[in-house]
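Enquirer: Coordinates in entry-v8.cif, mmCIF, C-alpha atoms and all ligand atoms, are listed below.
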data_data
#
loop_
_atom_site.label_atom_id
_atom_site.label_comp_id
_atom_site.auth_asym_id
_atom_site.auth_seq_id
_atom_site.Cartn_x
_atom_site.Cartn_y
_atom_site.Cartn_z
CA MET A 1 0.00 0.00 0.00
CA LYS A 2 0.94 3.67 -0.18
CA ALA A 3 1.70 5.50 3.06
CA VAL A 4 3.11 8.84 4.17
CA THR A 5 6.46 8.17 5.75
CA TRP A 6 8.72 10.40 7.81
CA GLN A 7 12.23 10.53 6.39
CA GLY A 8 13.86 13.43 8.19
CA ARG A 9 13.37 17.01 9.23
CA ARG A 10 10.78 18.56 6.88
CA ASP A 11 11.00 15.48 4.69
CA VAL A 12 7.92 13.28 4.28
CA ARG A 13 7.42 10.96 1.33
CA VAL A 14 4.71 8.70 0.04
CA GLU A 15 6.20 5.23 -0.23
CA THR A 16 5.07 1.71 -0.87
CA VAL A 17 5.05 -0.32 2.36
CA PRO A 18 3.64 -3.74 3.30
CA ASP A 19 -0.14 -3.90 3.80
CA PRO A 20 -1.11 -4.18 7.48
CA VAL A 21 -2.56 -7.48 8.66
CA ILE A 22 -4.48 -8.68 11.70
CA GLN A 23 -1.92 -9.59 14.37
CA GLU A 24 -4.05 -9.87 17.51
CA PRO A 25 -7.66 -11.04 17.98
CA THR A 26 -8.54 -7.48 19.04
CA ASP A 27 -7.24 -5.92 15.80
CA ALA A 28 -9.16 -4.56 12.86
CA VAL A 29 -7.86 -3.39 9.50
CA ILE A 30 -9.59 -0.46 7.87
CA ARG A 31 -9.41 0.99 4.38
CA ILE A 32 -8.97 4.69 4.87
CA THR A 33 -11.20 7.09 2.97
CA SER A 34 -10.16 10.37 4.65
CA THR A 35 -7.23 11.19 6.90
CA GLY A 36 -6.42 14.51 8.53
CA LEU A 37 -3.23 16.50 8.83
CA CYS A 38 -2.87 17.88 12.36
CA GLY A 39 -0.83 20.57 14.10
CA SER A 40 0.61 17.66 16.09
CA ASP A 41 2.04 16.20 12.88
CA LEU A 42 3.89 19.46 12.38
CA HIS A 43 5.81 18.89 15.62
CA LEU A 44 7.10 15.62 14.14
CA TYR A 45 7.91 17.38 10.89
CA GLU A 46 10.31 19.73 12.64
CA VAL A 47 10.79 19.73 16.43
CA LEU A 48 10.35 16.14 17.63
CA THR A 49 12.54 14.65 14.94
CA PRO A 50 14.93 13.01 17.47
CA PHE A 51 12.13 10.63 18.46
CA MET A 52 11.35 9.58 14.90
CA THR A 53 12.79 6.76 12.82
CA PRO A 54 13.05 7.15 9.05
CA GLY A 55 10.22 5.17 7.49
CA ASP A 56 7.75 5.80 10.33
CA ILE A 57 4.20 6.08 8.97
CA LEU A 58 2.57 9.34 10.07
CA GLY A 59 -1.03 10.31 10.80
CA HIS A 60 -3.69 9.81 13.46
CA GLU A 61 -6.99 11.27 12.19
CA PRO A 62 -8.57 8.55 10.03
CA MET A 63 -11.92 7.30 8.98
CA GLY A 64 -12.82 4.58 6.55
CA ILE A 65 -14.37 1.19 5.97
CA VAL A 66 -13.65 -1.92 8.00
CA GLU A 67 -11.91 -4.54 5.85
CA GLU A 68 -11.32 -7.30 8.36
CA VAL A 69 -11.68 -7.88 12.09
CA GLY A 70 -10.08 -10.28 14.55
CA ALA A 71 -12.08 -12.79 16.59
CA GLY A 72 -12.04 -10.47 19.61
CA VAL A 73 -13.93 -7.60 17.96
CA PRO A 74 -17.59 -8.61 18.25
CA ASP A 75 -19.21 -5.26 17.42
CA LEU A 76 -17.50 -4.51 14.09
CA ALA A 77 -17.85 -6.23 10.75
CA ALA A 78 -16.36 -5.81 7.30
CA GLY A 79 -18.11 -2.96 5.51
CA ASP A 80 -18.82 -0.84 8.65
CA ARG A 81 -18.07 2.85 8.30
CA VAL A 82 -15.88 3.99 11.23
CA VAL A 83 -13.86 6.88 12.64
CA VAL A 84 -10.77 5.88 14.60
CA PRO A 85 -9.65 7.85 17.72
CA PHE A 86 -6.02 8.99 17.66
CA GLN A 87 -5.22 7.15 20.88
CA ILE A 88 -5.26 3.40 21.31
CA ALA A 89 -7.07 2.24 24.45
CA CYS A 90 -8.66 -0.94 25.78
CA GLY A 91 -11.85 0.47 27.29
CA THR A 92 -11.79 -1.87 30.29
CA CYS A 93 -8.76 -0.99 32.45
CA TRP A 94 -8.98 1.24 35.51
CA MET A 95 -7.93 4.35 33.58
CA CYS A 96 -10.30 3.75 30.69
CA LEU A 97 -13.17 3.15 33.12
CA THR A 98 -12.26 6.44 34.84
CA GLY A 99 -12.70 8.25 31.52
CA LEU A 100 -9.00 8.59 30.80
CA PRO A 101 -8.26 6.45 27.72
CA THR A 102 -5.21 8.66 27.12
CA GLN A 103 -3.74 6.91 30.16
CA CYS A 104 -4.91 3.38 29.24
CA GLU A 105 -3.01 0.89 31.39
CA THR A 106 -3.14 -1.76 28.68
CA THR A 107 -1.39 0.36 26.04
CA GLN A 108 0.67 2.76 28.20
CA CYS A 109 4.17 3.17 26.81
CA THR A 110 5.75 2.39 30.16
CA GLY A 111 9.24 1.88 28.73
CA GLU A 112 9.25 5.55 27.73
CA GLY A 113 7.33 6.69 30.81
CA MET A 114 4.43 7.83 28.64
CA GLY A 115 0.65 7.39 28.46
CA ALA A 116 -1.48 5.41 26.03
CA ALA A 117 -0.09 4.51 22.61
CA LEU A 118 -0.98 6.85 19.76
CA PHE A 119 -1.13 6.22 16.04
CA GLY A 120 1.83 7.59 14.11
CA TYR A 121 3.41 9.45 17.00
CA THR A 122 7.07 8.61 17.64
CA ARG A 123 8.66 5.88 19.67
CA LEU A 124 7.60 7.77 22.83
CA TYR A 125 4.04 6.70 22.01
CA GLY A 126 4.68 3.17 20.89
CA ALA A 127 5.94 3.68 17.32
CA VAL A 128 2.55 2.51 16.03
CA PRO A 129 2.22 2.82 12.22
CA GLY A 130 0.03 5.82 11.45
CA ALA A 131 -3.09 6.61 9.50
CA GLN A 132 -1.93 8.66 6.53
CA ALA A 133 -2.03 5.53 4.44
CA GLU A 134 -4.34 3.39 2.34
CA TYR A 135 -4.90 0.89 5.15
CA LEU A 136 -4.54 0.98 8.93
CA ARG A 137 -4.18 -1.76 11.49
CA VAL A 138 -6.28 -0.70 14.49
CA PRO A 139 -5.26 -2.40 17.75
CA GLN A 140 -7.86 -2.58 20.56
CA ALA A 141 -10.57 -2.32 17.91
CA GLN A 142 -13.11 -3.74 20.38
CA PHE A 143 -13.10 -0.25 21.96
CA GLY A 144 -11.68 2.47 19.72
CA PRO A 145 -13.54 2.76 16.40
CA ILE A 146 -16.74 4.80 16.36
CA LYS A 147 -19.39 3.48 13.95
CA VAL A 148 -21.02 6.22 11.86
CA PRO A 149 -23.95 6.04 9.42
CA GLU A 150 -23.75 5.90 5.65
CA GLY A 151 -24.87 8.99 3.76
CA PRO A 152 -23.22 12.24 4.81
CA PRO A 153 -19.73 12.98 3.47
CA ASP A 154 -16.64 12.00 5.49
CA ASP A 155 -16.24 15.63 6.60
CA ARG A 156 -19.26 15.21 8.87
CA PHE A 157 -17.54 12.59 11.03
CA VAL A 158 -13.78 12.54 10.44
CA TYR A 159 -13.05 15.15 13.12
CA LEU A 160 -14.32 12.77 15.82
CA SER A 161 -10.85 11.21 15.54
CA ASP A 162 -9.16 14.25 17.11
CA VAL A 163 -10.26 17.83 16.38
CA LEU A 164 -13.73 17.59 17.93
CA PRO A 165 -12.88 15.73 21.16
CA THR A 166 -9.76 17.87 21.59
CA ALA A 167 -11.74 21.08 21.24
CA TRP A 168 -14.50 19.65 23.44
CA GLN A 169 -12.08 18.67 26.19
CA ALA A 170 -10.38 22.08 25.94
CA VAL A 171 -13.73 23.74 26.67
CA GLU A 172 -14.73 21.19 29.31
CA TYR A 173 -11.45 21.69 31.16
CA ALA A 174 -11.79 25.49 30.82
CA HIS A 175 -14.78 25.54 33.20
CA VAL A 176 -16.31 28.64 31.66
CA PRO A 177 -19.05 29.71 34.10
CA PRO A 178 -22.57 30.35 32.72
CA GLY A 179 -22.50 33.69 30.92
CA GLY A 180 -18.71 33.75 31.21
CA SER A 181 -15.88 34.50 28.83
CA VAL A 182 -13.07 32.49 27.31
CA ALA A 183 -10.05 33.49 25.27
CA VAL A 184 -8.65 30.98 22.81
CA LEU A 185 -4.98 31.40 21.91
CA GLY A 186 -4.25 29.97 18.46
CA LEU A 187 -6.90 29.63 15.75
CA GLY A 188 -5.60 26.61 13.91
CA PRO A 189 -8.02 23.69 13.59
CA ILE A 190 -8.05 23.06 17.35
CA GLY A 191 -8.45 26.68 18.46
CA ASP A 192 -11.01 27.41 15.75
CA MET A 193 -13.10 24.41 16.77
CA ALA A 194 -12.66 25.23 20.48
CA CYS A 195 -14.22 28.66 19.79
CA ARG A 196 -17.16 26.96 18.06
CA VAL A 197 -17.65 24.46 20.88
CA ALA A 198 -17.45 27.23 23.50
CA GLN A 199 -20.16 29.16 21.64
CA VAL A 200 -22.41 26.13 21.30
CA ARG A 201 -21.93 25.30 24.97
CA GLY A 202 -23.00 28.76 26.07
CA ALA A 203 -19.93 30.90 26.65
CA GLU A 204 -21.17 34.49 26.52
CA ARG A 205 -18.01 35.96 25.01
CA VAL A 206 -15.35 34.17 23.01
CA PHE A 207 -12.07 35.89 22.18
CA GLY A 208 -9.58 34.50 19.68
CA VAL A 209 -5.90 35.32 19.13
CA ASP A 210 -3.69 34.39 16.18
CA LEU A 211 -1.43 36.07 13.65
CA VAL A 212 -2.64 34.47 10.41
CA PRO A 213 -5.19 36.73 8.67
CA GLU A 214 -7.48 34.05 7.20
CA ARG A 215 -7.55 32.13 10.47
CA LEU A 216 -8.61 35.32 12.28
CA ARG A 217 -11.21 35.98 9.58
CA ARG A 218 -12.70 32.49 9.85
CA ALA A 219 -13.20 32.93 13.58
CA ARG A 220 -14.49 36.50 13.26
CA GLU A 221 -17.09 35.40 10.72
CA ARG A 222 -18.53 33.09 13.37
CA GLY A 223 -18.82 35.78 16.03
CA VAL A 224 -15.47 35.45 17.79
CA GLU A 225 -13.89 38.74 18.96
CA THR A 226 -10.48 38.42 17.37
CA PHE A 227 -7.07 39.90 18.16
CA ASP A 228 -4.21 39.90 15.68
CA LEU A 229 -0.94 39.29 17.50
CA ARG A 230 0.85 41.41 14.91
CA ASP A 231 -1.04 44.53 16.05
CA PHE A 232 0.70 44.50 19.43
CA ASP A 233 4.28 45.41 20.27
CA SER A 234 4.37 43.30 23.39
CA GLN A 235 2.49 40.56 25.18
CA LYS A 236 1.58 43.12 27.84
CA GLU A 237 -0.19 45.27 25.26
CA LEU A 238 -2.20 42.31 24.00
CA VAL A 239 -3.13 41.27 27.52
CA THR A 240 -4.21 44.81 28.39
CA ALA A 241 -6.34 45.09 25.25
CA LEU A 242 -8.10 41.83 26.05
CA GLN A 243 -8.56 42.61 29.72
CA ASP A 244 -10.10 45.94 28.75
CA ARG A 245 -12.95 43.95 27.16
CA THR A 246 -13.63 42.12 30.43
CA ALA A 247 -13.89 44.98 32.94
CA GLY A 248 -10.12 44.91 33.40
CA ARG A 249 -10.17 41.45 35.01
CA GLY A 250 -9.36 39.14 32.13
CA PRO A 251 -11.45 36.28 30.77
CA ASP A 252 -12.74 33.54 33.09
CA ALA A 253 -10.77 30.99 31.12
CA VAL A 254 -7.98 30.82 28.57
CA ILE A 255 -7.48 27.91 26.20
CA ASP A 256 -3.95 27.45 24.90
CA ALA A 257 -4.40 25.90 21.46
CA VAL A 258 -0.88 26.79 20.34
CA GLY A 259 1.58 24.58 22.17
CA THR A 260 5.29 24.25 21.88
CA GLU A 261 5.88 25.99 18.56
CA ALA A 262 4.50 29.40 19.57
CA HIS A 263 5.63 32.52 17.84
CA GLY A 264 7.41 34.91 20.12
CA SER A 265 10.49 33.45 21.82
CA ALA A 266 13.78 33.48 19.96
CA ALA A 267 15.89 31.71 22.59
CA ALA A 268 13.68 28.64 22.84
CA ARG A 269 13.34 28.54 19.08
CA LEU A 270 17.10 28.30 18.83
CA ALA A 271 17.22 25.47 21.38
CA GLN A 272 14.45 23.55 19.59
CA THR A 273 16.04 23.94 16.20
CA ALA A 274 19.41 22.91 17.57
CA THR A 275 17.88 19.73 19.03
CA GLY A 276 16.39 18.91 15.66
CA LEU A 277 19.74 19.35 13.96
CA LEU A 278 21.86 17.28 16.35
CA PRO A 279 22.73 13.70 15.41
CA ARG A 280 19.59 11.74 16.27
CA ALA A 281 20.87 9.77 19.27
CA ILE A 282 22.34 12.85 20.92
CA GLY A 283 19.36 14.98 19.96
CA ALA A 284 16.95 12.57 21.65
CA ARG A 285 19.01 12.53 24.85
CA PHE A 286 19.19 16.32 24.81
CA ALA A 287 15.49 16.65 24.16
CA GLU A 288 14.58 14.17 26.91
CA HIS A 289 16.76 15.70 29.61
CA LEU A 290 16.89 19.35 28.78
CA SER A 291 14.35 20.32 26.20
CA VAL A 292 12.55 23.64 26.53
CA ASP A 293 9.34 24.70 24.86
CA ARG A 294 8.56 27.98 23.24
CA LEU A 295 6.32 29.23 26.01
CA ALA A 296 5.02 32.48 24.52
CA ALA A 297 1.39 31.35 24.37
CA LEU A 298 1.39 29.80 27.84
CA HIS A 299 2.96 32.93 29.34
CA THR A 300 0.24 34.98 27.66
CA ALA A 301 -2.41 32.67 29.10
CA ILE A 302 -1.00 33.05 32.62
CA ASP A 303 -0.94 36.85 32.41
CA LEU A 304 -4.30 37.07 30.68
CA VAL A 305 -6.61 34.84 32.70
CA ARG A 306 -8.57 36.54 35.45
CA ARG A 307 -7.59 35.90 39.03
CA GLY A 308 -9.10 32.58 40.10
CA GLY A 309 -9.68 31.63 36.47
CA THR A 310 -8.76 28.49 34.56
CA ILE A 311 -6.15 27.76 31.91
CA SER A 312 -6.90 24.77 29.72
CA ILE A 313 -3.97 23.58 27.65
CA SER A 314 -4.65 21.52 24.57
CA GLY A 315 -1.60 22.70 22.63
CA MET A 316 1.14 20.11 22.93
CA TYR A 317 4.18 20.69 25.11
CA GLY A 318 7.15 18.36 25.31
CA GLY A 319 9.71 20.23 27.37
CA THR A 320 11.35 18.81 30.46
CA ALA A 321 12.99 21.95 31.83
CA ASP A 322 10.51 24.75 31.26
CA PRO A 323 10.66 27.79 33.51
CA LEU A 324 7.19 28.95 34.57
CA PRO A 325 6.20 32.03 36.60
CA LEU A 326 4.91 30.13 39.61
CA LEU A 327 4.75 33.27 41.75
CA THR A 328 2.15 34.72 39.40
CA MET A 329 0.35 31.41 38.96
CA PHE A 330 0.10 30.86 42.70
CA ASP A 331 -0.80 34.43 43.55
CA LYS A 332 -3.47 34.63 40.85
CA GLN A 333 -4.87 31.32 42.05
CA VAL A 334 -4.84 29.87 38.58
CA CYS A 335 -6.40 26.49 37.90
CA LEU A 336 -4.57 24.48 35.25
CA ARG A 337 -5.76 21.45 33.27
CA MET A 338 -4.13 19.88 30.26
CA GLY A 339 -3.46 16.76 28.28
CA GLN A 340 -4.28 14.75 25.20
CA ALA A 341 -7.97 14.49 24.49
CA ASN A 342 -9.80 11.47 25.86
CA VAL A 343 -11.62 10.80 22.62
CA ARG A 344 -14.20 8.19 23.60
CA THR A 345 -15.06 10.07 26.80
CA TRP A 346 -16.50 12.94 24.76
CA SER A 347 -17.52 11.39 21.45
CA ASP A 348 -21.08 10.48 22.55
CA ASP A 349 -21.64 14.06 23.75
CA ILE A 350 -20.46 15.44 20.40
CA ARG A 351 -22.38 13.07 18.10
CA PRO A 352 -25.77 14.85 18.45
CA LEU A 353 -24.16 18.01 17.02
CA LEU A 354 -23.11 16.28 13.79
CA THR A 355 -26.37 16.87 11.95
CA ASP A 356 -27.56 18.51 8.74
CA GLU A 357 -28.00 21.75 10.73
CA ASP A 358 -24.26 21.48 11.40
CA PRO A 359 -23.97 23.88 14.36
CA LEU A 360 -20.18 23.40 14.51
CA GLY A 361 -19.64 23.91 10.79
CA VAL A 362 -17.82 20.63 10.27
CA ASP A 363 -19.12 20.13 6.72
CA SER A 364 -17.16 23.17 5.52
CA PHE A 365 -14.31 23.00 8.06
CA ALA A 366 -11.63 21.60 5.73
CA THR A 367 -9.92 24.18 3.54
CA HIS A 368 -8.13 21.57 1.43
CA ARG A 369 -8.78 18.02 0.24
CA LEU A 370 -5.79 16.47 -1.48
CA PRO A 371 -4.82 13.05 -2.75
CA LEU A 372 -2.54 11.22 -0.33
CA ALA A 373 0.10 11.26 -3.06
CA GLU A 374 0.46 15.01 -2.50
CA ALA A 375 1.31 14.64 1.19
CA ALA A 376 4.71 16.35 0.92
CA HIS A 377 3.03 19.42 -0.55
CA ALA A 378 0.27 19.24 2.08
CA TYR A 379 2.75 19.24 4.97
CA GLU A 380 4.71 22.14 3.56
CA MET A 381 1.59 24.18 2.81
CA PHE A 382 0.10 23.53 6.26
CA GLN A 383 3.32 24.30 8.09
CA ARG A 384 3.90 27.52 6.20
CA LYS A 385 0.20 28.43 6.34
CA GLN A 386 0.17 28.97 2.59
CA ASP A 387 -2.87 29.13 0.35
CA GLY A 388 -5.23 29.71 3.27
CA ALA A 389 -4.62 26.20 4.60
CA VAL A 390 -6.29 25.66 7.96
CA LYS A 391 -7.49 22.07 7.84
CA VAL A 392 -6.18 19.62 5.30
CA LEU A 393 -7.78 16.24 4.64
CA MET A 394 -6.08 13.68 2.43
CA GLU A 395 -7.73 10.94 0.40
CA PRO A 396 -5.85 7.73 -0.25
N1 LIG A 401 -4.40 17.77 23.35
C1 LIG A 401 -4.62 17.04 22.26
O1 LIG A 401 -5.14 15.94 22.32
C2 LIG A 401 -4.26 17.61 20.94
C3 LIG A 401 -4.87 17.14 19.78
C4 LIG A 401 -4.59 17.76 18.57
C5 LIG A 401 -3.69 18.80 18.53
N2 LIG A 401 -3.07 19.20 19.68
C6 LIG A 401 -2.13 20.33 19.70
O2 LIG A 401 -2.88 21.52 19.60
C7 LIG A 401 -2.06 22.54 19.01
C8 LIG A 401 -2.82 23.20 17.85
O3 LIG A 401 -3.08 22.26 16.83
P1 LIG A 401 -3.61 22.75 15.41
O4 LIG A 401 -3.92 21.54 14.60
O5 LIG A 401 -4.68 23.75 15.61
O6 LIG A 401 -2.24 23.39 14.87
P2 LIG A 401 -1.76 24.73 14.16
O7 LIG A 401 -0.29 24.68 14.21
O8 LIG A 401 -2.43 24.90 12.84
O9 LIG A 401 -2.32 25.89 15.11
C9 LIG A 401 -1.54 26.68 15.96
C10 LIG A 401 -1.94 28.14 15.75
O10 LIG A 401 -1.33 28.96 16.74
C11 LIG A 401 -0.96 30.20 16.16
N3 LIG A 401 0.04 30.81 17.04
C12 LIG A 401 1.38 30.64 17.07
N4 LIG A 401 1.93 31.35 18.07
C13 LIG A 401 0.92 31.99 18.69
C14 LIG A 401 0.86 32.87 19.81
N5 LIG A 401 1.96 33.20 20.49
N6 LIG A 401 -0.37 33.33 20.19
C15 LIG A 401 -1.50 32.98 19.51
N7 LIG A 401 -1.49 32.15 18.44
C16 LIG A 401 -0.29 31.67 18.05
C17 LIG A 401 -0.48 29.79 14.78
O11 LIG A 401 -0.48 30.88 13.88
C18 LIG A 401 -1.50 28.71 14.39
O12 LIG A 401 -2.61 29.25 13.71
C19 LIG A 401 -0.78 21.83 18.58
O13 LIG A 401 0.21 22.04 19.58
C20 LIG A 401 -1.17 20.38 18.56
O14 LIG A 401 -0.07 19.52 18.77
C21 LIG A 401 -3.34 18.62 20.86
ZN ZN A 402 -4.26 15.42 15.58
ZN ZN A 403 -7.45 0.89 29.00
#
Mind turning this structure into structure tokens?
Ligand SMILES: NC(=O)c1ccc[n+]([C@@H]2O[C@H](COP(=O)([O-])OP(=O)(O)OC[C@H]3O[C@@H](n4cnc5c(N)ncnc54)[C@H](O)[C@@H]3O)[C@@H](O)[C@H]2O)c1
Ligand SMILES: [Zn+2]
Ligand SMILES: [Zn+2]

Expert:
Amino acid sequence: MKAVTWQGRRDVRVETVPDPVIQEPTDAVIRITSTGLCGSDLHLYEVLTPFMTPGDILGHEPMGIVEEVGAGVPDLAAGDRVVVPFQIACGTCWMCLTGLPTQCETTQCTGEGMGAALFGYTRLYGAVPGAQAEYLRVPQAQFGPIKVPEGPPDDRFVYLSDVLPTAWQAVEYAHVPPGGSVAVLGLGPIGDMACRVAQVRGAERVFGVDLVPERLRRARERGVETFDLRDFDSQKELVTALQDRTAGRGPDAVIDAVGTEAHGSAAARLAQTATGLLPRAIGARFAEHLSVDRLAALHTAIDLVRRGGTISISGMYGGTADPLPLLTMFDKQVCLRMGQANVRTWSDDIRPLLTDEDPLGVDSFATHRLPLAEAAHAYEMFQRKQDGAVKVLMEP
């Protein structure tokens, strides 16, 4: 089959690799019909390269048609239309039963000290072959795949794999009080969708911050009060402008939908780039023991949120030695929640919103649909934010 493989920093290629097969009774194999490109893939493209192995198959946002199931997957059959969550979880361990499939004790990558295995996400997360491919082996298929009806286009459902539950969890963890306000930093697919979810779930005011004009426009057109980072000379200015809209206090909650590759900090950028350029073995050791994130967005969140408010981090961070202003965080009495999205915990709450009325605008969410063969172009375009690319779906 054809699959998108990682070959090196900013180097992905579509190659022919062996077709996946059922290996365990709890496996399924699906034929992929749509597969998303995520901001998380961009970290692998550039910053997390020390944890990658050339040939790794990328991708974790698939949907498609079940081809084959193992004997231990009673509820799926060949021909079913399914969306596959980005994390692999058993559904029956203590963590899964607690609603934390991201911490599944059956698939935890204990050797690396990490949580549940993820599709296409480095050796830290199990080095599981990813979903930007013609076919995908789905482990723990007795729990993960979400069956969806025939009829509507893939766009209606594909975001259940990642974007929707991530945005949903971001809002859930933000604890916006009734009639309250939330600021979303970053208006990529996750931040954009988090704004939409916050609106649907009753936030009175939703603010959005980014520096890419069409991303700001998309949010503004749906009623988000937007702020263009480029209009401010300093973080302080931005924070003041936003606080002015909330009686000087700051929003009740701030969602960080940016993560480790934030614009705004030259020193950390240098450290990250250097890690990516070191020989791989040394780079990995450096990254594991000493890595620092670009913390611009998180620092903004800490300054911006009102006293006693909540910061919800869905942007990915991977640093091990990040300096944080704990004096401010403690004094402001900030509540902090974060983590990968627990997909199956939220998917049943989201499903009723995926209707013809389309309150979240999923049907028109993708800006680009490309053949899988054009993956190299898709990655470059998405990373550089060219051609208005916000959400890219690929079709094998
Ligand atoms: N928690 C999860 O389960 C989960 C799932 C998916 C994605 N993610 C993470 O969420 C983040 C966003 O993903 P995405 O797909 O939307 O990616 P993206 O890269 O398209 O979006 C990031 C956005 O942040 C903007 N930005 C950069 N610096 C900023 C700053 N200082 N202030 C405000 N905006 C800034 C960028 O212009 C961009 O539009 C990534 O870190 C990704 O890894 C987490
Ligand atoms: Zn993703
Ligand atoms: Zn589990």

Enquirer: Here is a test: counting all atoms listed in the file, which residue of A:Thr107, A:Pro325, A:Ala301, A:Arg307 is nearest to Lys236 (chain A)?

Expert: A:Ala301

Enquirer: Hey, which residues sit close to ligand ZN 403 (chain A)? Say within 8 Å, counting only C-alpha atoms and all ligand atoms, and write them as a list in words.

Expert: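 After applying the 8 Å limit, what remains is Ala89, Cys90, Gly91, Thr92, Cys93, Trp94, Met95, Cys96, Leu97, Pro101, Gln103, Cys104, Glu105, Thr106 and Thr107 of chain A.
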
Enquirer: Can you list, as a compact mmCIF listing (two decimals) with C-alpha atoms, in the frame of the given file, every protein, DNA or RNA residue that comes within 8 Å of region 15-32 of chain A when you count all atoms listed in the file, leaving out same-chain residues fewer than 3 positions away?

Expert:
# COMPACT_ATOMS: atom_id res chain seq x y z
CA MET A 1 0.00 0.00 0.00
CA LYS A 2 0.94 3.67 -0.18
CA ALA A 3 1.70 5.50 3.06
CA VAL A 4 3.11 8.84 4.17
CA THR A 5 6.46 8.17 5.75
CA THR A 35 -7.23 11.19 6.90
CA PRO A 62 -8.57 8.55 10.03
CA MET A 63 -11.92 7.30 8.98
CA GLY A 64 -12.82 4.58 6.55
CA ILE A 65 -14.37 1.19 5.97
CA VAL A 66 -13.65 -1.92 8.00
CA GLU A 67 -11.91 -4.54 5.85
CA GLU A 68 -11.32 -7.30 8.36
CA VAL A 69 -11.68 -7.88 12.09
CA GLY A 70 -10.08 -10.28 14.55
CA ALA A 71 -12.08 -12.79 16.59
CA GLY A 72 -12.04 -10.47 19.61
CA VAL A 73 -13.93 -7.60 17.96
CA ALA A 131 -3.09 6.61 9.50
CA ALA A 133 -2.03 5.53 4.44
CA GLU A 134 -4.34 3.39 2.34
CA TYR A 135 -4.90 0.89 5.15
CA LEU A 136 -4.54 0.98 8.93
CA ARG A 137 -4.18 -1.76 11.49
CA VAL A 138 -6.28 -0.70 14.49
CA PRO A 139 -5.26 -2.40 17.75
CA GLN A 140 -7.86 -2.58 20.56
CA ALA A 141 -10.57 -2.32 17.91
CA GLN A 142 -13.11 -3.74 20.38
CA GLU A 395 -7.73 10.94 0.40
CA PRO A 396 -5.85 7.73 -0.25

Enquirer: Using Å and a single decimal, report how far CA of Gly188 (chain A) sits from CA of Gly308 (chain A).

Expert: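 These atoms are spaced 27.1 Å apart.
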
Enquirer: How close does each residue of chain A get to ligand LIG 401 (chain A), giving the shortest atom pair and distance in Å to one decimal for every residue with an atom at most 7 Å away, counting only C-alpha atoms and all ligand atoms, sorted by chain and residue number, as a Markdown table?

Expert:
| residue | atom | partner | partner_atom | distance |
| --- | --- | --- | --- | --- |
| A:Cys38 | CA | A:LIG401 | O4 | 4.4 |
| A:Gly39 | CA | A:LIG401 | O6 | 3.2 |
| A:Ser40 | CA | A:LIG401 | O14 | 3.3 |
| A:Leu42 | CA | A:LIG401 | O7 | 6.9 |
| A:His43 | CA | A:LIG401 | O14 | 6.7 |
| A:Asp162 | CA | A:LIG401 | C3 | 5.8 |
| A:Val163 | CA | A:LIG401 | C4 | 6.1 |
| A:Thr166 | CA | A:LIG401 | O1 | 5.1 |
| A:Leu185 | CA | A:LIG401 | C15 | 4.5 |
| A:Gly186 | CA | A:LIG401 | N7 | 3.5 |
| A:Leu187 | CA | A:LIG401 | O12 | 4.8 |
| A:Gly188 | CA | A:LIG401 | O5 | 3.5 |
| A:Pro189 | CA | A:LIG401 | O5 | 3.9 |
| A:Ile190 | CA | A:LIG401 | O5 | 3.9 |
| A:Gly191 | CA | A:LIG401 | O5 | 5.6 |
| A:Val209 | CA | A:LIG401 | C15 | 5.0 |
| A:Asp210 | CA | A:LIG401 | N7 | 3.9 |
| A:Leu211 | CA | A:LIG401 | O11 | 5.3 |
| A:Val212 | CA | A:LIG401 | O11 | 5.4 |
| A:Arg215 | CA | A:LIG401 | O12 | 6.6 |
| A:Leu229 | CA | A:LIG401 | N6 | 6.6 |
| A:Ala257 | CA | A:LIG401 | C7 | 4.8 |
| A:Val258 | CA | A:LIG401 | O10 | 4.2 |
| A:Gly259 | CA | A:LIG401 | O13 | 3.9 |
| A:Thr260 | CA | A:LIG401 | O13 | 6.0 |
| A:Glu261 | CA | A:LIG401 | C12 | 6.6 |
| A:Ala262 | CA | A:LIG401 | N4 | 3.6 |
| A:His263 | CA | A:LIG401 | N4 | 3.9 |
| A:Gly264 | CA | A:LIG401 | N5 | 5.7 |
| A:Ala296 | CA | A:LIG401 | N5 | 5.1 |
| A:Ala297 | CA | A:LIG401 | N5 | 4.3 |
| A:Ser314 | CA | A:LIG401 | N1 | 4.0 |
| A:Gly315 | CA | A:LIG401 | O2 | 3.5 |
| A:Met316 | CA | A:LIG401 | O13 | 4.0 |
| A:Tyr317 | CA | A:LIG401 | O13 | 6.9 |
| A:Gly339 | CA | A:LIG401 | N1 | 5.1 |
| A:Gln340 | CA | A:LIG401 | O1 | 3.2 |
| A:Ala341 | CA | A:LIG401 | O1 | 3.8 |
| A:Val390 | CA | A:LIG401 | O8 | 6.3 |

Enquirer: Choose the residue, out of A:Tyr45, A:Phe382, A:Trp6, A:Phe330, that has the smallest atom-to-atom separation from Gly130 (chain A); count only C-alpha atoms.

Expert: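 That would be A:Trp6, the residue with the smallest distance to Gly130 (chain A).
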
Enquirer: Please provide as a list in words all residues within 10 Å of Asp155 (chain A), with the sequence filter that same-chain residues fewer than 3 positions apart are discarded (counting only C-alpha atoms).

Expert: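 Final neighbour list, sorted by chain and number: Ser34, Met63, Pro152, Val158, Tyr159, Leu160, Leu354, Gly361, Val362, Asp363, Ser364, Phe365, Ala366 and Leu393 of chain A.
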
Enquirer: Measure the distance from CA of Asp231 (chain A) to CA of Arg196 (chain A) in Å and round it to one decimal.

Expert: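 Interatomic distance here is 23.9 Å.
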